[in-house]
Amino acid sequence: MNAPDASPLVYITGASSGIGQALAARYYRAGWRLALVARRAAEIEAWCVSQGYERARWAAYAADVRDIGGIVGAGRQCLVQQGLPAVVIANAGISIGVDTAEYEDLDVVRLTFETNNVGLAATFHPFVRPMSEARRGTLVGIASVAAIRGLPGHGAYCGSKAAVVSYCESLRGELRPHGVKVVTLLPGYVDTPLTRGNPYKMPFLMSPAQFAERAFRAIEAGASYRVIPWQMAVVAKLLRVLPNPVFDRLLAGRGRKKRRGQ
């Protein structure tokens, strides 16, 4: 049964920390209800209580995006308990360095694509048909500026985020006739546990709250594609047009993302 509260609902995965948590805080301040998903729902609940959030305005769902049945089930549970979200943000993701010469890193490649790509599609799945039938709603895929060009030691992450961009572009074309928007956001460097161990400089580093503010405005504006911050968007455009020999020399000697266990 749908919630009687008329305020809009946002559904966010990976909501227990980092970008997901910052997005939840930004939407709550804007008067939205929250449907928050993470593997550890207890952490979401503790955080919401610590923030003094009204209990009627949020719900936590325990699900791992790699478990298709689990994440689809969380979405269906949200539809029953809270109603149809106005915005669904597929934010959950992982970033781990890989070395293709190392056999054990093949499992990291699999894990990365399962989380960042299959998990994103499974997050959207429960809402695509209801949104299309209602002719309203927005699906948001969190990609990365790392989708623009491949970075040494970062092949799994770069490849998975490039796939997020292409997937969301395909989905945007499919759903446009049904009144459903698809927004692709490409964060630059954000100060989260995923980036703090990076052994290289991170220009234009943002706090999660700074990213969330810009992301909120981009989603509200219905932007189909947005690199955040704008300075990184300029860098991304330059990277796109750099000839391969120049790009390769530019990255020579750059530190590699840490592998699992390092």
# chains A, B, ... in the order shown; residues from 1 in each chain; ligands from 1
call {"tool": "closest_atom_pairs", "arguments": {"of": "stretch 133-252 of chain A", "to": "stretch 91-99 of chain A", "cutoff": "7 Å", "atoms": "only C-alpha atoms", "output": "Markdown table"}}
result
| residue | atom | partner | partner_atom | distance |
| --- | --- | --- | --- | --- |
| A:Gly141 | CA | A:Asn91 | CA | 6.7 |
| A:Ile142 | CA | A:Asn91 | CA | 5.3 |
| A:Gly153 | CA | A:Val98 | CA | 5.4 |
| A:His154 | CA | A:Gly97 | CA | 5.2 |
| A:Gly155 | CA | A:Val98 | CA | 6.8 |
| A:Ala156 | CA | A:Val98 | CA | 6.8 |
| A:Tyr157 | CA | A:Ser95 | CA | 5.7 |
| A:Leu194 | CA | A:Ser95 | CA | 6.3 |
call {"tool": "write_last_selection", "arguments": {"atoms": "all heavy atoms", "output": "mmCIF file, in the first residue's frame"}}
result
data_model
loop_
_atom_site.group_PDB
_atom_site.id
_atom_site.type_symbol
_atom_site.label_atom_id
_atom_site.label_comp_id
_atom_site.auth_asym_id
_atom_site.auth_seq_id
_atom_site.Cartn_x
_atom_site.Cartn_y
_atom_site.Cartn_z
ATOM 1 N N GLY A 141 22.131 6.972 -13.198
ATOM 2 C CA GLY A 141 23.284 6.085 -13.122
ATOM 3 C C GLY A 141 24.525 6.871 -12.740
ATOM 4 O O GLY A 141 24.848 7.880 -13.382
ATOM 5 N N ILE A 142 25.206 6.436 -11.686
ATOM 6 C CA ILE A 142 26.448 7.092 -11.263
ATOM 7 C C ILE A 142 27.614 6.404 -11.967
ATOM 8 O O ILE A 142 27.967 5.267 -11.648
ATOM 9 C CB ILE A 142 26.640 7.038 -9.737
ATOM 10 C CG1 ILE A 142 25.444 7.669 -9.022
ATOM 11 C CG2 ILE A 142 27.942 7.747 -9.356
ATOM 12 C CD1 ILE A 142 25.245 9.136 -9.271
ATOM 13 N N GLY A 153 46.269 0.186 -14.523
ATOM 14 C CA GLY A 153 45.929 -0.480 -13.279
ATOM 15 C C GLY A 153 44.489 -0.321 -12.859
ATOM 16 O O GLY A 153 44.080 -0.797 -11.806
ATOM 17 N N HIS A 154 43.716 0.339 -13.702
ATOM 18 C CA HIS A 154 42.340 0.689 -13.351
ATOM 19 C C HIS A 154 41.355 0.162 -14.401
ATOM 20 O O HIS A 154 40.250 0.690 -14.548
ATOM 21 C CB HIS A 154 42.247 2.216 -13.289
ATOM 22 C CG HIS A 154 41.461 2.743 -12.124
ATOM 23 N ND1 HIS A 154 41.020 1.963 -11.081
ATOM 24 C CD2 HIS A 154 41.044 4.007 -11.843
ATOM 25 C CE1 HIS A 154 40.362 2.715 -10.220
ATOM 26 N NE2 HIS A 154 40.360 3.965 -10.654
ATOM 27 N N GLY A 155 41.786 -0.873 -15.121
ATOM 28 C CA GLY A 155 41.014 -1.340 -16.266
ATOM 29 C C GLY A 155 39.609 -1.793 -15.940
ATOM 30 O O GLY A 155 38.668 -1.503 -16.684
ATOM 31 N N ALA A 156 39.439 -2.509 -14.823
ATOM 32 C CA ALA A 156 38.108 -3.007 -14.475
ATOM 33 C C ALA A 156 37.167 -1.853 -14.162
ATOM 34 O O ALA A 156 36.025 -1.810 -14.635
ATOM 35 C CB ALA A 156 38.197 -3.971 -13.296
ATOM 36 N N TYR A 157 37.648 -0.904 -13.369
ATOM 37 C CA TYR A 157 36.806 0.222 -12.986
ATOM 38 C C TYR A 157 36.495 1.114 -14.191
ATOM 39 O O TYR A 157 35.335 1.467 -14.429
ATOM 40 C CB TYR A 157 37.498 1.041 -11.901
ATOM 41 C CG TYR A 157 36.660 2.180 -11.375
ATOM 42 C CD1 TYR A 157 35.543 1.932 -10.576
ATOM 43 C CD2 TYR A 157 36.982 3.508 -11.671
ATOM 44 C CE1 TYR A 157 34.774 2.982 -10.080
ATOM 45 C CE2 TYR A 157 36.220 4.550 -11.175
ATOM 46 C CZ TYR A 157 35.114 4.283 -10.392
ATOM 47 O OH TYR A 157 34.347 5.324 -9.915
ATOM 48 N N LEU A 194 36.683 5.025 -1.235
ATOM 49 C CA LEU A 194 37.132 4.466 -2.506
ATOM 50 C C LEU A 194 38.348 5.199 -3.066
ATOM 51 O O LEU A 194 39.133 4.636 -3.821
ATOM 52 C CB LEU A 194 36.000 4.521 -3.548
ATOM 53 C CG LEU A 194 34.831 3.548 -3.375
ATOM 54 C CD1 LEU A 194 33.832 3.729 -4.515
ATOM 55 C CD2 LEU A 194 35.310 2.111 -3.326
#
call {"tool": "atom_distance", "arguments": {"atom1": "atom CA of A:Cys158", "atom2": "atom CA of A:Ser144"}}
result
8.0 Å
call {"tool": "closest_residue", "arguments": {"among": "A:Leu106, A:Ala122, A:Ala38, A:Ile148", "to": "A:Arg260", "atoms": "only C-alpha atoms"}}
result
A:Leu106
call {"tool": "residues_around", "arguments": {"residues": "A:Arg129", "least_positions_apart": "6", "cutoff": "12 Å", "atoms": "only C-alpha atoms", "output": "VMD selection string"}}
result
chain A and resid 76 79 84 135 to 137 174 to 175 178 to 180
call {"tool": "write_last_selection", "arguments": {"atoms": "all heavy atoms", "output": "PDB file, in the first residue's frame"}}
result
ATOM      1  N   ARG A  76      11.083  -3.949  -5.128  1.00  0.00           N
ATOM      2  CA  ARG A  76       9.662  -4.308  -5.064  1.00  0.00           C
ATOM      3  C   ARG A  76       9.083  -4.013  -3.681  1.00  0.00           C
ATOM      4  O   ARG A  76       7.936  -3.585  -3.553  1.00  0.00           O
ATOM      5  CB  ARG A  76       9.489  -5.776  -5.428  1.00  0.00           C
ATOM      6  CG  ARG A  76       9.751  -6.055  -6.914  1.00  0.00           C
ATOM      7  CD  ARG A  76       9.754  -7.530  -7.228  1.00  0.00           C
ATOM      8  NE  ARG A  76       9.895  -7.762  -8.662  1.00  0.00           N
ATOM      9  CZ  ARG A  76      10.184  -8.935  -9.209  1.00  0.00           C
ATOM     10  NH1 ARG A  76      10.357 -10.008  -8.408  1.00  0.00           N
ATOM     11  NH2 ARG A  76      10.297  -9.061 -10.515  1.00  0.00           N
ATOM     12  N   LEU A  79       8.284  -0.376  -3.501  1.00  0.00           N
ATOM     13  CA  LEU A  79       7.056  -0.041  -4.214  1.00  0.00           C
ATOM     14  C   LEU A  79       5.825  -0.314  -3.351  1.00  0.00           C
ATOM     15  O   LEU A  79       4.862   0.462  -3.348  1.00  0.00           O
ATOM     16  CB  LEU A  79       6.971  -0.843  -5.511  1.00  0.00           C
ATOM     17  CG  LEU A  79       7.928  -0.415  -6.636  1.00  0.00           C
ATOM     18  CD1 LEU A  79       7.953  -1.464  -7.738  1.00  0.00           C
ATOM     19  CD2 LEU A  79       7.534   0.942  -7.200  1.00  0.00           C
ATOM     20  N   LEU A  84       5.859   4.534  -5.602  1.00  0.00           N
ATOM     21  CA  LEU A  84       6.761   4.672  -6.745  1.00  0.00           C
ATOM     22  C   LEU A  84       7.694   5.863  -6.541  1.00  0.00           C
ATOM     23  O   LEU A  84       7.235   6.993  -6.381  1.00  0.00           O
ATOM     24  CB  LEU A  84       5.956   4.872  -8.032  1.00  0.00           C
ATOM     25  CG  LEU A  84       6.759   5.052  -9.324  1.00  0.00           C
ATOM     26  CD1 LEU A  84       7.574   3.799  -9.630  1.00  0.00           C
ATOM     27  CD2 LEU A  84       5.828   5.395 -10.490  1.00  0.00           C
ATOM     28  N   ARG A 135       4.253   7.141 -16.763  1.00  0.00           N
ATOM     29  CA  ARG A 135       4.808   8.175 -17.636  1.00  0.00           C
ATOM     30  C   ARG A 135       5.490   9.282 -16.824  1.00  0.00           C
ATOM     31  O   ARG A 135       5.353  10.478 -17.123  1.00  0.00           O
ATOM     32  CB  ARG A 135       3.747   8.753 -18.575  1.00  0.00           C
ATOM     33  CG  ARG A 135       3.096   7.721 -19.484  1.00  0.00           C
ATOM     34  CD  ARG A 135       2.300   8.368 -20.607  1.00  0.00           C
ATOM     35  NE  ARG A 135       3.173   9.137 -21.496  1.00  0.00           N
ATOM     36  CZ  ARG A 135       3.917   8.601 -22.477  1.00  0.00           C
ATOM     37  NH1 ARG A 135       3.904   7.287 -22.676  1.00  0.00           N
ATOM     38  NH2 ARG A 135       4.677   9.373 -23.226  1.00  0.00           N
ATOM     39  N   ARG A 136       6.246   8.858 -15.842  1.00  0.00           N
ATOM     40  CA  ARG A 136       7.008   9.816 -15.028  1.00  0.00           C
ATOM     41  C   ARG A 136       8.127   9.074 -14.308  1.00  0.00           C
ATOM     42  O   ARG A 136       8.083   7.855 -14.172  1.00  0.00           O
ATOM     43  CB  ARG A 136       6.114  10.507 -14.005  1.00  0.00           C
ATOM     44  CG  ARG A 136       5.467   9.571 -12.989  1.00  0.00           C
ATOM     45  CD  ARG A 136       4.622  10.333 -11.979  1.00  0.00           C
ATOM     46  NE  ARG A 136       3.907   9.437 -11.075  1.00  0.00           N
ATOM     47  CZ  ARG A 136       4.426   8.908  -9.962  1.00  0.00           C
ATOM     48  NH1 ARG A 136       5.674   9.195  -9.634  1.00  0.00           N
ATOM     49  NH2 ARG A 136       3.711   8.108  -9.198  1.00  0.00           N
ATOM     50  N   GLY A 137       9.115   9.834 -13.853  1.00  0.00           N
ATOM     51  CA  GLY A 137      10.208   9.258 -13.079  1.00  0.00           C
ATOM     52  C   GLY A 137      11.560   9.492 -13.721  1.00  0.00           C
ATOM     53  O   GLY A 137      11.666   9.769 -14.922  1.00  0.00           O
ATOM     54  N   GLU A 174      15.443   4.206 -24.981  1.00  0.00           N
ATOM     55  CA  GLU A 174      14.322   3.286 -24.841  1.00  0.00           C
ATOM     56  C   GLU A 174      13.155   3.916 -24.076  1.00  0.00           C
ATOM     57  O   GLU A 174      11.981   3.691 -24.405  1.00  0.00           O
ATOM     58  CB  GLU A 174      14.773   2.023 -24.100  1.00  0.00           C
ATOM     59  CG  GLU A 174      15.796   1.178 -24.849  1.00  0.00           C
ATOM     60  CD  GLU A 174      16.397   0.097 -23.960  1.00  0.00           C
ATOM     61  OE1 GLU A 174      15.817  -0.198 -22.895  1.00  0.00           O
ATOM     62  OE2 GLU A 174      17.458  -0.444 -24.328  1.00  0.00           O
ATOM     63  N   LEU A 175      13.483   4.690 -23.034  1.00  0.00           N
ATOM     64  CA  LEU A 175      12.442   5.164 -22.122  1.00  0.00           C
ATOM     65  C   LEU A 175      11.917   6.560 -22.438  1.00  0.00           C
ATOM     66  O   LEU A 175      10.875   6.961 -21.901  1.00  0.00           O
ATOM     67  CB  LEU A 175      12.967   5.124 -20.683  1.00  0.00           C
ATOM     68  CG  LEU A 175      13.313   3.726 -20.167  1.00  0.00           C
ATOM     69  CD1 LEU A 175      13.806   3.805 -18.724  1.00  0.00           C
ATOM     70  CD2 LEU A 175      12.127   2.784 -20.272  1.00  0.00           C
ATOM     71  N   HIS A 178       8.323   6.955 -23.230  1.00  0.00           N
ATOM     72  CA  HIS A 178       7.414   6.626 -22.134  1.00  0.00           C
ATOM     73  C   HIS A 178       7.432   7.673 -21.015  1.00  0.00           C
ATOM     74  O   HIS A 178       6.857   7.451 -19.947  1.00  0.00           O
ATOM     75  CB  HIS A 178       7.785   5.257 -21.560  1.00  0.00           C
ATOM     76  CG  HIS A 178       7.760   4.164 -22.582  1.00  0.00           C
ATOM     77  ND1 HIS A 178       6.588   3.622 -23.065  1.00  0.00           N
ATOM     78  CD2 HIS A 178       8.776   3.529 -23.236  1.00  0.00           C
ATOM     79  CE1 HIS A 178       6.883   2.688 -23.970  1.00  0.00           C
ATOM     80  NE2 HIS A 178       8.196   2.618 -24.084  1.00  0.00           N
ATOM     81  N   GLY A 179       8.101   8.797 -21.252  1.00  0.00           N
ATOM     82  CA  GLY A 179       8.098   9.879 -20.280  1.00  0.00           C
ATOM     83  C   GLY A 179       9.036   9.695 -19.109  1.00  0.00           C
ATOM     84  O   GLY A 179       8.931  10.417 -18.114  1.00  0.00           O
ATOM     85  N   VAL A 180       9.965   8.742 -19.213  1.00  0.00           N
ATOM     86  CA  VAL A 180      10.920   8.475 -18.130  1.00  0.00           C
ATOM     87  C   VAL A 180      12.283   9.038 -18.521  1.00  0.00           C
ATOM     88  O   VAL A 180      12.776   8.778 -19.616  1.00  0.00           O
ATOM     89  CB  VAL A 180      11.035   6.968 -17.841  1.00  0.00           C
ATOM     90  CG1 VAL A 180      12.044   6.709 -16.725  1.00  0.00           C
ATOM     91  CG2 VAL A 180       9.675   6.389 -17.477  1.00  0.00           C
TER      92      VAL A 180
END
call {"tool": "residues_around", "arguments": {"residues": "stretch 214-220 of chain A", "least_positions_apart": "2", "cutoff": "12 Å", "atoms": "only C-alpha atoms", "output": "ChimeraX atom specification"}}
result
/A:10,19-20,22-30,32,86-89,91,137-142,181-188,206-212,222-230
call {"tool": "write_last_selection", "arguments": {"atoms": "C-alpha atoms", "output": "PDB file, in the first residue's frame"}}
result
ATOM      1  CA  VAL A  10      14.051   9.043  -3.817  1.00  0.00           C
ATOM      2  CA  ILE A  19      28.212   9.756  -2.011  1.00  0.00           C
ATOM      3  CA  GLY A  20      25.065   7.757  -1.278  1.00  0.00           C
ATOM      4  CA  ALA A  22      25.473  12.645   1.130  1.00  0.00           C
ATOM      5  CA  LEU A  23      22.760  12.371  -1.526  1.00  0.00           C
ATOM      6  CA  ALA A  24      20.330  11.072   1.082  1.00  0.00           C
ATOM      7  CA  ALA A  25      21.063  14.072   3.316  1.00  0.00           C
ATOM      8  CA  ARG A  26      20.606  16.522   0.438  1.00  0.00           C
ATOM      9  CA  TYR A  27      17.274  15.050  -0.623  1.00  0.00           C
ATOM     10  CA  TYR A  28      16.019  14.956   2.959  1.00  0.00           C
ATOM     11  CA  ARG A  29      16.816  18.666   3.383  1.00  0.00           C
ATOM     12  CA  ALA A  30      14.811  19.317   0.224  1.00  0.00           C
ATOM     13  CA  TRP A  32      11.913  14.303   0.048  1.00  0.00           C
ATOM     14  CA  ALA A  86      10.246   9.943  -8.427  1.00  0.00           C
ATOM     15  CA  VAL A  87      14.019   9.369  -8.623  1.00  0.00           C
ATOM     16  CA  VAL A  88      16.056   6.150  -8.457  1.00  0.00           C
ATOM     17  CA  ILE A  89      19.819   6.580  -8.024  1.00  0.00           C
ATOM     18  CA  ASN A  91      24.984   4.669  -6.753  1.00  0.00           C
ATOM     19  CA  GLY A 137      10.208   9.258 -13.079  1.00  0.00           C
ATOM     20  CA  THR A 138      13.971   9.584 -13.363  1.00  0.00           C
ATOM     21  CA  LEU A 139      16.626   6.865 -13.312  1.00  0.00           C
ATOM     22  CA  VAL A 140      20.126   8.050 -12.382  1.00  0.00           C
ATOM     23  CA  GLY A 141      23.284   6.085 -13.122  1.00  0.00           C
ATOM     24  CA  ILE A 142      26.448   7.092 -11.263  1.00  0.00           C
ATOM     25  CA  LYS A 181      14.203  10.388 -17.880  1.00  0.00           C
ATOM     26  CA  VAL A 182      17.627   8.779 -17.588  1.00  0.00           C
ATOM     27  CA  VAL A 183      20.435  10.871 -16.105  1.00  0.00           C
ATOM     28  CA  THR A 184      24.114   9.876 -16.266  1.00  0.00           C
ATOM     29  CA  LEU A 185      26.418  11.541 -13.740  1.00  0.00           C
ATOM     30  CA  LEU A 186      30.204  11.330 -13.972  1.00  0.00           C
ATOM     31  CA  PRO A 187      31.852  12.398 -10.708  1.00  0.00           C
ATOM     32  CA  GLY A 188      35.447  13.503 -10.711  1.00  0.00           C
ATOM     33  CA  MET A 206      35.296  17.356  -3.750  1.00  0.00           C
ATOM     34  CA  SER A 207      33.664  16.403  -0.484  1.00  0.00           C
ATOM     35  CA  PRO A 208      30.650  14.072  -0.776  1.00  0.00           C
ATOM     36  CA  ALA A 209      28.391  16.979   0.223  1.00  0.00           C
ATOM     37  CA  GLN A 210      29.775  19.180  -2.564  1.00  0.00           C
ATOM     38  CA  PHE A 211      29.150  16.456  -5.109  1.00  0.00           C
ATOM     39  CA  ALA A 212      25.665  15.779  -3.739  1.00  0.00           C
ATOM     40  CA  GLY A 222      16.859  16.720 -16.000  1.00  0.00           C
ATOM     41  CA  ALA A 223      20.391  16.755 -17.413  1.00  0.00           C
ATOM     42  CA  SER A 224      20.943  13.686 -19.569  1.00  0.00           C
ATOM     43  CA  TYR A 225      24.727  13.683 -18.983  1.00  0.00           C
ATOM     44  CA  ARG A 226      26.799  15.715 -16.552  1.00  0.00           C
ATOM     45  CA  VAL A 227      30.444  15.623 -15.448  1.00  0.00           C
ATOM     46  CA  ILE A 228      30.880  17.022 -11.927  1.00  0.00           C
ATOM     47  CA  PRO A 229      32.629  19.384 -11.197  1.00  0.00           C
ATOM     48  CA  TRP A 230      32.669  21.535 -14.314  1.00  0.00           C
TER      49      TRP A 230
END
call {"tool": "select_by_dssp", "arguments": {"residues": "stretch 45-207 of chain A", "states": "strand (DSSP E or B)", "output": "ChimeraX atom specification"}}
result
/A:58-62,87-90,97,138-142,181-187,190,206
call {"tool": "select_by_dssp", "arguments": {"residues": "stretch 102-192 of chain A", "states": "helix (DSSP H, G or I)", "output": "PyMOL selection string"}}
result
chain A and resi 105-134+145-147+155-178
call {"tool": "closest_residue", "arguments": {"among": "A:Leu238, A:Leu36, A:Val164, A:Leu171", "to": "A:Ser17", "atoms": "only C-alpha atoms"}}
result
A:Leu36
